[in-house]
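Visitor: The structure under discussion is supplied below as structure tokens; questions concerning it will follow.
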Amino acid sequence: MSPEPQATLELQRTLVLVLDLCGTFAFAVSGATAAVRRHLDIFGVLVVSFAASTFGGISRDVLIGATPPAAIEDWRYLAVAIAAGVVTFFWSPLVERLRNPVRLLDAVGLAFFAVAGTEKALAFGLSPLMAALMGMLTGIGGGMARDVLLADVPVVLRADLYAVAALVGAGIVVGGHLLGLPVVATAVAGGLACFALRLLALRRGWRLPVAGGAPPPDGDA
Amino acid sequence: MSPEPQATLELQRTLVLVLDLCGTFAFAVSGATAAVRRHLDIFGVLVVSFAASTFGGISRDVLIGATPPAAIEDWRYLAVAIAAGVVTFFWSPLVERLRNPVRLLDAVGLAFFAVAGTEKALAFGLSPLMAALMGMLTGIGGGMARDVLLADVPVVLRADLYAVAALVGAGIVVGGHLLGLPVVATAVAGGLACFALRLLALRRGWRLPVAGGAPPPDGDA
Amino acid sequence: MSPEPQATLELQRTLVLVLDLCGTFAFAVSGATAAVRRHLDIFGVLVVSFAASTFGGISRDVLIGATPPAAIEDWRYLAVAIAAGVVTFFWSPLVERLRNPVRLLDAVGLAFFAVAGTEKALAFGLSPLMAALMGMLTGIGGGMARDVLLADVPVVLRADLYAVAALVGAGIVVGGHLLGLPVVATAVAGGLACFALRLLALRRGWRLPVAGGAPPPDGDA
């Protein structure tokens, strides 16, 4: 079915790196923004930036046995996360006013990470179902770490179609892999589907159902 | 002392799988119940179900170097956790009314996990003391992940004899291993002891001592 | 540059063990003190002691692929953590009155951990930049685990020069490694620098800058 010659593998790896770095920047901004809002100091802001942008990938790598994780072995992830954190720290009023572009960037990061995470899990021989799950984890793990560090319930667990968008993107990558379709084409299709679904959910306020009807304002019984 | 022929090892592995899946269901229900109470959406409920039911085992596997962890490699854990989450989500009033059976199931899960976790750590060559600790971690890790995700102090750290029951069960398994007793017999004995101790603690309100006397109602100074 | 004969490697390993155990005791006391204040039971206090004293090292070991982590494989870490937890639990009023000595001990632990974590990461072949980062993680990871378990925002993210002190100590070790200086000398220099910087920050109330001016009293917008 899937021939996987050397060149394809090489391409797959380069693709993973580029997607990972773009996603890293987007997620680091989301982490730094949340940390600035909670009045963390500059160091705390950088830690949350790094955690938000790399925890998903680090969890994936630890779980599939790819240690040391890419984000630890390769200084570029750290550099990108710190750059995003510093920019957000010193221009946070600007970043706050740019809320919509930041959300857009976050959706880009989610799409990048879901696709890259799935590709990497497939490259490490995980089963298709679990590779899709690892792709989703790569997408949502950073945001969960950010919220746990800030002592909040992860927003991804109570909000709109965030993880589902990641799962759809990951599913398309896995489907393409099973059908032997070209890697780049399915990666682009998966990423676009994730991005579009996330944007639509934001614009139209799509939400997943909650047990027992709508939650009270602050969501606590 | 302990002969450990091929058949015993095989049996040990099958035992670990069956105990793990039963415990997974029980813990997923506990996670889903807590998530429904906090008004998470269906996806959040499923994530907390999966985390509550597999985080203990995943931590154990990452720590003993058994990557990818069983819960990631084997789709059955995911399937069982999702089934438990869906059932709890759609019939949560029923599950709430069944509080006592759910607590019973949770005690069953604790016993299963403590025994299975200890067996696996022993099979990976950990020292008896640390194998017992890994068994306890397998039993309480999921509940801790559930509470951290919901931004609570883990109930296992402040409540009745939960972890101690797991530790007693794990200790019996380790003791049997050191004495060369049959694996199944010590597993059953350890599981029953853990289950019985947990039930007694629930019925009689046994608690561990707290420094400086009884805590105030909401436990915060 | 760096000759690294067998004897130096041996010395490096012994150094790592001794530093690790001293830091373990100091951090376990800090964890137990926080847990006693939150009225956890004796078991919860011991778990937080163990987490606060070993989570940094365990994270480091999982990330660099050194599984099972030293704190899991070697019973001495557990024994030291439990001893510190028991002492703090039964003599918590005393430990509270000894707040200044405890802070001193904590600064000692931070220095020990930052140096030992960096040495170990270097011994596992990480790049100098990432080895320094792993040293910092070893120093601050336990305190972060302690605070996350107690459902607080990690104090290291919002307080005075804690992580920066760890990073300076780690940086000196890495610098000495790059220059081929003797291991013991750079370890002592790195540890003393970290300790001194931490103490000065405590005495003089040095803090890192916060975006948008001083935070409100309880630091929440």
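Labels for the structure tokens follow display order: chains A, B, ..., residues from 1 in each chain, ligands from 1.
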Where does chain A end up after superposition onto chain B over all in-order Cα pairs? Give it as a PDB file with C-alpha atoms, in the first residue's frame.
Guide:
ATOM      1  CA  MET A   1      12.930 -19.528  45.706  1.00  0.00           C
ATOM      2  CA  SER A   2      10.602 -18.455  42.907  1.00  0.00           C
ATOM      3  CA  PRO A   3      10.873 -20.791  39.871  1.00  0.00           C
ATOM      4  CA  GLU A   4       9.046 -18.536  37.311  1.00  0.00           C
ATOM      5  CA  PRO A   5       8.731 -20.967  34.375  1.00  0.00           C
ATOM      6  CA  GLN A   6       7.359 -19.760  31.038  1.00  0.00           C
ATOM      7  CA  ALA A   7       3.778 -20.706  31.943  1.00  0.00           C
ATOM      8  CA  THR A   8       3.851 -18.671  35.135  1.00  0.00           C
ATOM      9  CA  LEU A   9       5.088 -15.624  33.243  1.00  0.00           C
ATOM     10  CA  GLU A  10       2.355 -16.094  30.644  1.00  0.00           C
ATOM     11  CA  LEU A  11      -0.248 -16.403  33.372  1.00  0.00           C
ATOM     12  CA  GLN A  12       1.158 -13.327  35.088  1.00  0.00           C
ATOM     13  CA  ARG A  13       0.748 -11.304  31.889  1.00  0.00           C
ATOM     14  CA  THR A  14      -2.823 -12.419  31.222  1.00  0.00           C
ATOM     15  CA  LEU A  15      -3.688 -11.673  34.823  1.00  0.00           C
ATOM     16  CA  VAL A  16      -2.256  -8.174  34.473  1.00  0.00           C
ATOM     17  CA  LEU A  17      -4.367  -7.486  31.362  1.00  0.00           C
ATOM     18  CA  VAL A  18      -7.677  -8.682  32.804  1.00  0.00           C
ATOM     19  CA  LEU A  19      -7.176  -6.880  36.121  1.00  0.00           C
ATOM     20  CA  ASP A  20      -6.158  -3.727  34.265  1.00  0.00           C
ATOM     21  CA  LEU A  21      -9.284  -3.631  32.076  1.00  0.00           C
ATOM     22  CA  CYS A  22     -11.667  -4.149  35.007  1.00  0.00           C
ATOM     23  CA  GLY A  23      -9.943  -1.434  36.997  1.00  0.00           C
ATOM     24  CA  THR A  24     -10.012   0.835  33.966  1.00  0.00           C
ATOM     25  CA  PHE A  25     -13.798   0.691  33.757  1.00  0.00           C
ATOM     26  CA  ALA A  26     -14.287   1.416  37.443  1.00  0.00           C
ATOM     27  CA  PHE A  27     -11.909   4.368  37.450  1.00  0.00           C
ATOM     28  CA  ALA A  28     -13.272   5.805  34.213  1.00  0.00           C
ATOM     29  CA  VAL A  29     -16.719   5.949  35.836  1.00  0.00           C
ATOM     30  CA  SER A  30     -15.254   7.821  38.825  1.00  0.00           C
ATOM     31  CA  GLY A  31     -13.529  10.280  36.494  1.00  0.00           C
ATOM     32  CA  ALA A  32     -16.593  10.795  34.318  1.00  0.00           C
ATOM     33  CA  THR A  33     -18.817  11.332  37.363  1.00  0.00           C
ATOM     34  CA  ALA A  34     -16.542  14.063  38.698  1.00  0.00           C
ATOM     35  CA  ALA A  35     -16.324  15.681  35.256  1.00  0.00           C
ATOM     36  CA  VAL A  36     -20.100  15.671  34.758  1.00  0.00           C
ATOM     37  CA  ARG A  37     -20.530  17.330  38.165  1.00  0.00           C
ATOM     38  CA  ARG A  38     -18.197  20.121  37.025  1.00  0.00           C
ATOM     39  CA  HIS A  39     -20.251  20.597  33.831  1.00  0.00           C
ATOM     40  CA  LEU A  40     -17.505  19.650  31.416  1.00  0.00           C
ATOM     41  CA  ASP A  41     -18.666  18.969  27.879  1.00  0.00           C
ATOM     42  CA  ILE A  42     -18.829  15.443  26.456  1.00  0.00           C
ATOM     43  CA  PHE A  43     -15.259  15.629  25.222  1.00  0.00           C
ATOM     44  CA  GLY A  44     -13.954  16.872  28.567  1.00  0.00           C
ATOM     45  CA  VAL A  45     -15.828  14.052  30.260  1.00  0.00           C
ATOM     46  CA  LEU A  46     -14.157  11.490  28.003  1.00  0.00           C
ATOM     47  CA  VAL A  47     -10.701  12.994  28.565  1.00  0.00           C
ATOM     48  CA  VAL A  48     -11.123  12.939  32.340  1.00  0.00           C
ATOM     49  CA  SER A  49     -12.470   9.356  32.091  1.00  0.00           C
ATOM     50  CA  PHE A  50      -9.414   8.296  30.143  1.00  0.00           C
ATOM     51  CA  ALA A  51      -7.024  10.210  32.418  1.00  0.00           C
ATOM     52  CA  ALA A  52      -8.618   8.892  35.620  1.00  0.00           C
ATOM     53  CA  SER A  53      -8.540   5.337  34.368  1.00  0.00           C
ATOM     54  CA  THR A  54      -5.106   5.234  32.771  1.00  0.00           C
ATOM     55  CA  PHE A  55      -2.874   7.906  34.291  1.00  0.00           C
ATOM     56  CA  GLY A  56      -1.733   5.666  37.150  1.00  0.00           C
ATOM     57  CA  GLY A  57      -0.751   2.885  34.769  1.00  0.00           C
ATOM     58  CA  ILE A  58       0.786   5.305  32.274  1.00  0.00           C
ATOM     59  CA  SER A  59       2.920   6.924  34.988  1.00  0.00           C
ATOM     60  CA  ARG A  60       4.029   3.491  36.163  1.00  0.00           C
ATOM     61  CA  ASP A  61       4.934   2.422  32.625  1.00  0.00           C
ATOM     62  CA  VAL A  62       6.835   5.635  31.873  1.00  0.00           C
ATOM     63  CA  LEU A  63       8.735   5.331  35.152  1.00  0.00           C
ATOM     64  CA  ILE A  64       9.708   1.681  34.706  1.00  0.00           C
ATOM     65  CA  GLY A  65      10.615   2.325  31.082  1.00  0.00           C
ATOM     66  CA  ALA A  66       7.806   0.254  29.527  1.00  0.00           C
ATOM     67  CA  THR A  67       7.067   2.641  26.632  1.00  0.00           C
ATOM     68  CA  PRO A  68       4.740   2.949  24.881  1.00  0.00           C
ATOM     69  CA  PRO A  69       2.578   2.355  27.967  1.00  0.00           C
ATOM     70  CA  ALA A  70       0.026  -0.447  27.751  1.00  0.00           C
ATOM     71  CA  ALA A  71      -2.838   2.076  27.839  1.00  0.00           C
ATOM     72  CA  ILE A  72      -1.436   3.771  24.722  1.00  0.00           C
ATOM     73  CA  GLU A  73      -0.425   0.671  22.811  1.00  0.00           C
ATOM     74  CA  ASP A  74      -3.555  -1.362  23.440  1.00  0.00           C
ATOM     75  CA  TRP A  75      -6.834   0.104  22.148  1.00  0.00           C
ATOM     76  CA  ARG A  76      -8.898  -1.839  24.659  1.00  0.00           C
ATOM     77  CA  TYR A  77      -8.064   0.546  27.500  1.00  0.00           C
ATOM     78  CA  LEU A  78      -9.246   3.479  25.425  1.00  0.00           C
ATOM     79  CA  ALA A  79     -12.400   1.624  24.370  1.00  0.00           C
ATOM     80  CA  VAL A  80     -13.278   0.675  27.953  1.00  0.00           C
ATOM     81  CA  ALA A  81     -12.629   4.212  29.224  1.00  0.00           C
ATOM     82  CA  ILE A  82     -14.746   5.785  26.473  1.00  0.00           C
ATOM     83  CA  ALA A  83     -17.567   3.308  27.039  1.00  0.00           C
ATOM     84  CA  ALA A  84     -17.588   4.130  30.744  1.00  0.00           C
ATOM     85  CA  GLY A  85     -17.460   7.860  29.978  1.00  0.00           C
ATOM     86  CA  VAL A  86     -20.351   7.729  27.507  1.00  0.00           C
ATOM     87  CA  VAL A  87     -22.516   5.687  29.872  1.00  0.00           C
ATOM     88  CA  THR A  88     -21.840   8.100  32.722  1.00  0.00           C
ATOM     89  CA  PHE A  89     -22.422  11.167  30.541  1.00  0.00           C
ATOM     90  CA  PHE A  90     -25.830  10.082  29.272  1.00  0.00           C
ATOM     91  CA  TRP A  91     -27.056   8.442  32.461  1.00  0.00           C
ATOM     92  CA  SER A  92     -25.369  10.683  35.006  1.00  0.00           C
ATOM     93  CA  PRO A  93     -28.466  11.128  37.229  1.00  0.00           C
ATOM     94  CA  LEU A  94     -28.637   7.351  37.427  1.00  0.00           C
ATOM     95  CA  VAL A  95     -24.915   7.082  38.207  1.00  0.00           C
ATOM     96  CA  GLU A  96     -25.305   9.784  40.866  1.00  0.00           C
ATOM     97  CA  ARG A  97     -28.116   7.828  42.513  1.00  0.00           C
ATOM     98  CA  LEU A  98     -25.916   4.745  42.320  1.00  0.00           C
ATOM     99  CA  ARG A  99     -23.293   6.469  44.461  1.00  0.00           C
ATOM    100  CA  ASN A 100     -22.820   3.450  46.690  1.00  0.00           C
ATOM    101  CA  PRO A 101     -22.377   0.937  43.858  1.00  0.00           C
ATOM    102  CA  VAL A 102     -19.974   3.363  42.204  1.00  0.00           C
ATOM    103  CA  ARG A 103     -17.915   3.587  45.375  1.00  0.00           C
ATOM    104  CA  LEU A 104     -17.908  -0.186  45.522  1.00  0.00           C
ATOM    105  CA  LEU A 105     -16.735  -0.354  41.919  1.00  0.00           C
ATOM    106  CA  ASP A 106     -14.064   2.202  42.701  1.00  0.00           C
ATOM    107  CA  ALA A 107     -12.795   0.010  45.531  1.00  0.00           C
ATOM    108  CA  VAL A 108     -12.728  -2.920  43.107  1.00  0.00           C
ATOM    109  CA  GLY A 109     -10.738  -0.823  40.655  1.00  0.00           C
ATOM    110  CA  LEU A 110      -8.296   0.234  43.354  1.00  0.00           C
ATOM    111  CA  ALA A 111      -7.696  -3.388  44.326  1.00  0.00           C
ATOM    112  CA  PHE A 112      -7.279  -4.472  40.695  1.00  0.00           C
ATOM    113  CA  PHE A 113      -4.859  -1.658  39.898  1.00  0.00           C
ATOM    114  CA  ALA A 114      -2.723  -1.985  43.014  1.00  0.00           C
ATOM    115  CA  VAL A 115      -2.234  -5.691  42.369  1.00  0.00           C
ATOM    116  CA  ALA A 116      -1.732  -5.387  38.604  1.00  0.00           C
ATOM    117  CA  GLY A 117       0.679  -2.474  38.990  1.00  0.00           C
ATOM    118  CA  THR A 118       2.800  -4.350  41.492  1.00  0.00           C
ATOM    119  CA  GLU A 119       2.884  -7.481  39.307  1.00  0.00           C
ATOM    120  CA  LYS A 120       4.015  -5.462  36.306  1.00  0.00           C
ATOM    121  CA  ALA A 121       6.729  -3.611  38.221  1.00  0.00           C
ATOM    122  CA  LEU A 122       8.017  -6.944  39.568  1.00  0.00           C
ATOM    123  CA  ALA A 123       7.958  -8.387  36.039  1.00  0.00           C
ATOM    124  CA  PHE A 124      10.135  -5.436  34.966  1.00  0.00           C
ATOM    125  CA  GLY A 125      12.675  -6.236  37.646  1.00  0.00           C
ATOM    126  CA  LEU A 126      12.044  -3.434  40.134  1.00  0.00           C
ATOM    127  CA  SER A 127      13.064  -4.023  43.731  1.00  0.00           C
ATOM    128  CA  PRO A 128      10.219  -5.245  45.991  1.00  0.00           C
ATOM    129  CA  LEU A 129       9.938  -1.939  47.874  1.00  0.00           C
ATOM    130  CA  MET A 130       9.688   0.096  44.703  1.00  0.00           C
ATOM    131  CA  ALA A 131       7.360  -2.441  43.057  1.00  0.00           C
ATOM    132  CA  ALA A 132       4.938  -1.932  45.947  1.00  0.00           C
ATOM    133  CA  LEU A 133       5.249   1.831  45.513  1.00  0.00           C
ATOM    134  CA  MET A 134       4.538   1.494  41.786  1.00  0.00           C
ATOM    135  CA  GLY A 135       1.478  -0.633  42.640  1.00  0.00           C
ATOM    136  CA  MET A 136       0.229   2.118  44.909  1.00  0.00           C
ATOM    137  CA  LEU A 137       0.923   4.741  42.237  1.00  0.00           C
ATOM    138  CA  THR A 138      -1.039   2.679  39.704  1.00  0.00           C
ATOM    139  CA  GLY A 139      -3.927   2.681  42.147  1.00  0.00           C
ATOM    140  CA  ILE A 140      -3.937   6.345  43.110  1.00  0.00           C
ATOM    141  CA  GLY A 141      -2.376   8.064  40.062  1.00  0.00           C
ATOM    142  CA  GLY A 142      -5.596   8.161  38.046  1.00  0.00           C
ATOM    143  CA  GLY A 143      -7.571   9.773  40.836  1.00  0.00           C
ATOM    144  CA  MET A 144      -4.816  12.334  41.326  1.00  0.00           C
ATOM    145  CA  ALA A 145      -4.817  13.206  37.605  1.00  0.00           C
ATOM    146  CA  ARG A 146      -8.623  13.525  37.706  1.00  0.00           C
ATOM    147  CA  ASP A 147      -8.485  15.974  40.604  1.00  0.00           C
ATOM    148  CA  VAL A 148      -5.559  17.994  39.239  1.00  0.00           C
ATOM    149  CA  LEU A 149      -7.382  18.354  35.894  1.00  0.00           C
ATOM    150  CA  LEU A 150     -10.428  19.612  37.786  1.00  0.00           C
ATOM    151  CA  ALA A 151      -8.192  22.050  39.745  1.00  0.00           C
ATOM    152  CA  ASP A 152      -8.825  20.351  43.089  1.00  0.00           C
ATOM    153  CA  VAL A 153      -6.424  19.087  45.725  1.00  0.00           C
ATOM    154  CA  PRO A 154      -6.369  15.319  45.078  1.00  0.00           C
ATOM    155  CA  VAL A 155      -8.900  13.737  47.410  1.00  0.00           C
ATOM    156  CA  VAL A 156      -6.531  10.837  47.989  1.00  0.00           C
ATOM    157  CA  LEU A 157      -4.178  13.207  49.800  1.00  0.00           C
ATOM    158  CA  ARG A 158      -6.744  14.384  52.342  1.00  0.00           C
ATOM    159  CA  ALA A 159      -9.272  11.603  52.680  1.00  0.00           C
ATOM    160  CA  ASP A 160      -9.736   8.289  54.307  1.00  0.00           C
ATOM    161  CA  LEU A 161      -7.654   5.156  53.937  1.00  0.00           C
ATOM    162  CA  TYR A 162      -7.468   5.095  50.161  1.00  0.00           C
ATOM    163  CA  ALA A 163      -3.801   4.916  49.333  1.00  0.00           C
ATOM    164  CA  VAL A 164      -3.040   2.885  52.421  1.00  0.00           C
ATOM    165  CA  ALA A 165      -5.443   0.196  51.186  1.00  0.00           C
ATOM    166  CA  ALA A 166      -3.604   0.166  47.849  1.00  0.00           C
ATOM    167  CA  LEU A 167      -0.285  -0.073  49.641  1.00  0.00           C
ATOM    168  CA  VAL A 168      -1.456  -3.019  51.773  1.00  0.00           C
ATOM    169  CA  GLY A 169      -2.602  -4.891  48.651  1.00  0.00           C
ATOM    170  CA  ALA A 170       0.666  -4.144  46.890  1.00  0.00           C
ATOM    171  CA  GLY A 171       2.609  -5.205  49.974  1.00  0.00           C
ATOM    172  CA  ILE A 172       0.902  -8.599  50.058  1.00  0.00           C
ATOM    173  CA  VAL A 173       1.762  -9.204  46.391  1.00  0.00           C
ATOM    174  CA  VAL A 174       5.377  -8.257  47.039  1.00  0.00           C
ATOM    175  CA  GLY A 175       5.510 -10.416  50.171  1.00  0.00           C
ATOM    176  CA  GLY A 176       4.186 -13.402  48.245  1.00  0.00           C
ATOM    177  CA  HIS A 177       6.772 -12.772  45.538  1.00  0.00           C
ATOM    178  CA  LEU A 178       9.580 -12.699  48.104  1.00  0.00           C
ATOM    179  CA  LEU A 179       8.344 -15.939  49.687  1.00  0.00           C
ATOM    180  CA  GLY A 180       7.923 -17.636  46.293  1.00  0.00           C
ATOM    181  CA  LEU A 181       4.189 -18.227  46.816  1.00  0.00           C
ATOM    182  CA  PRO A 182       1.915 -18.894  43.799  1.00  0.00           C
ATOM    183  CA  VAL A 183       1.253 -15.708  41.815  1.00  0.00           C
ATOM    184  CA  VAL A 184      -2.518 -16.084  41.492  1.00  0.00           C
ATOM    185  CA  ALA A 185      -3.022 -16.814  45.175  1.00  0.00           C
ATOM    186  CA  THR A 186      -1.076 -13.772  46.338  1.00  0.00           C
ATOM    187  CA  ALA A 187      -2.761 -11.577  43.722  1.00  0.00           C
ATOM    188  CA  VAL A 188      -6.189 -12.635  44.974  1.00  0.00           C
ATOM    189  CA  ALA A 189      -5.153 -12.209  48.606  1.00  0.00           C
ATOM    190  CA  GLY A 190      -3.669  -8.762  47.928  1.00  0.00           C
ATOM    191  CA  GLY A 191      -6.703  -7.640  45.979  1.00  0.00           C
ATOM    192  CA  LEU A 192      -9.150  -8.861  48.609  1.00  0.00           C
ATOM    193  CA  ALA A 193      -7.181  -7.243  51.422  1.00  0.00           C
ATOM    194  CA  CYS A 194      -7.099  -3.900  49.582  1.00  0.00           C
ATOM    195  CA  PHE A 195     -10.811  -4.101  48.755  1.00  0.00           C
ATOM    196  CA  ALA A 196     -11.838  -5.080  52.286  1.00  0.00           C
ATOM    197  CA  LEU A 197      -9.711  -2.386  53.922  1.00  0.00           C
ATOM    198  CA  ARG A 198     -11.090   0.269  51.582  1.00  0.00           C
ATOM    199  CA  LEU A 199     -14.691  -0.790  52.242  1.00  0.00           C
ATOM    200  CA  LEU A 200     -14.154  -0.869  55.990  1.00  0.00           C
ATOM    201  CA  ALA A 201     -12.618   2.594  55.856  1.00  0.00           C
ATOM    202  CA  LEU A 202     -15.663   3.878  53.919  1.00  0.00           C
ATOM    203  CA  ARG A 203     -18.215   2.229  56.222  1.00  0.00           C
ATOM    204  CA  ARG A 204     -16.576   3.205  59.494  1.00  0.00           C
ATOM    205  CA  GLY A 205     -15.181   6.554  58.392  1.00  0.00           C
ATOM    206  CA  TRP A 206     -11.616   5.589  59.274  1.00  0.00           C
ATOM    207  CA  ARG A 207      -9.226   8.425  58.560  1.00  0.00           C
ATOM    208  CA  LEU A 208      -5.544   9.028  58.916  1.00  0.00           C
ATOM    209  CA  PRO A 209      -4.363  11.565  61.485  1.00  0.00           C
ATOM    210  CA  VAL A 210      -3.969  15.209  60.472  1.00  0.00           C
ATOM    211  CA  ALA A 211      -1.306  17.459  61.976  1.00  0.00           C
ATOM    212  CA  GLY A 212      -2.567  19.986  64.529  1.00  0.00           C
ATOM    213  CA  GLY A 213      -6.020  18.456  65.051  1.00  0.00           C
ATOM    214  CA  ALA A 214      -9.109  18.372  62.862  1.00  0.00           C
ATOM    215  CA  PRO A 215      -9.137  20.584  59.754  1.00  0.00           C
ATOM    216  CA  PRO A 216     -11.687  23.404  59.429  1.00  0.00           C
ATOM    217  CA  PRO A 217     -14.745  22.621  57.248  1.00  0.00           C
ATOM    218  CA  ASP A 218     -13.162  23.582  53.951  1.00  0.00           C
ATOM    219  CA  GLY A 219      -9.713  22.431  54.983  1.00  0.00           C
ATOM    220  CA  ASP A 220      -7.813  25.645  54.344  1.00  0.00           C
ATOM    221  CA  ALA A 221      -5.933  27.713  56.894  1.00  0.00           C
TER     222      ALA A 221
END
Visitor: DSSP says helix (DSSP H, G or I) for which residues of stretch 105-210 of chain A? Put them as an MDAnalysis selection string?
Guide: chainID A and resid 105:123 128:149 155:157 163:179 183:204
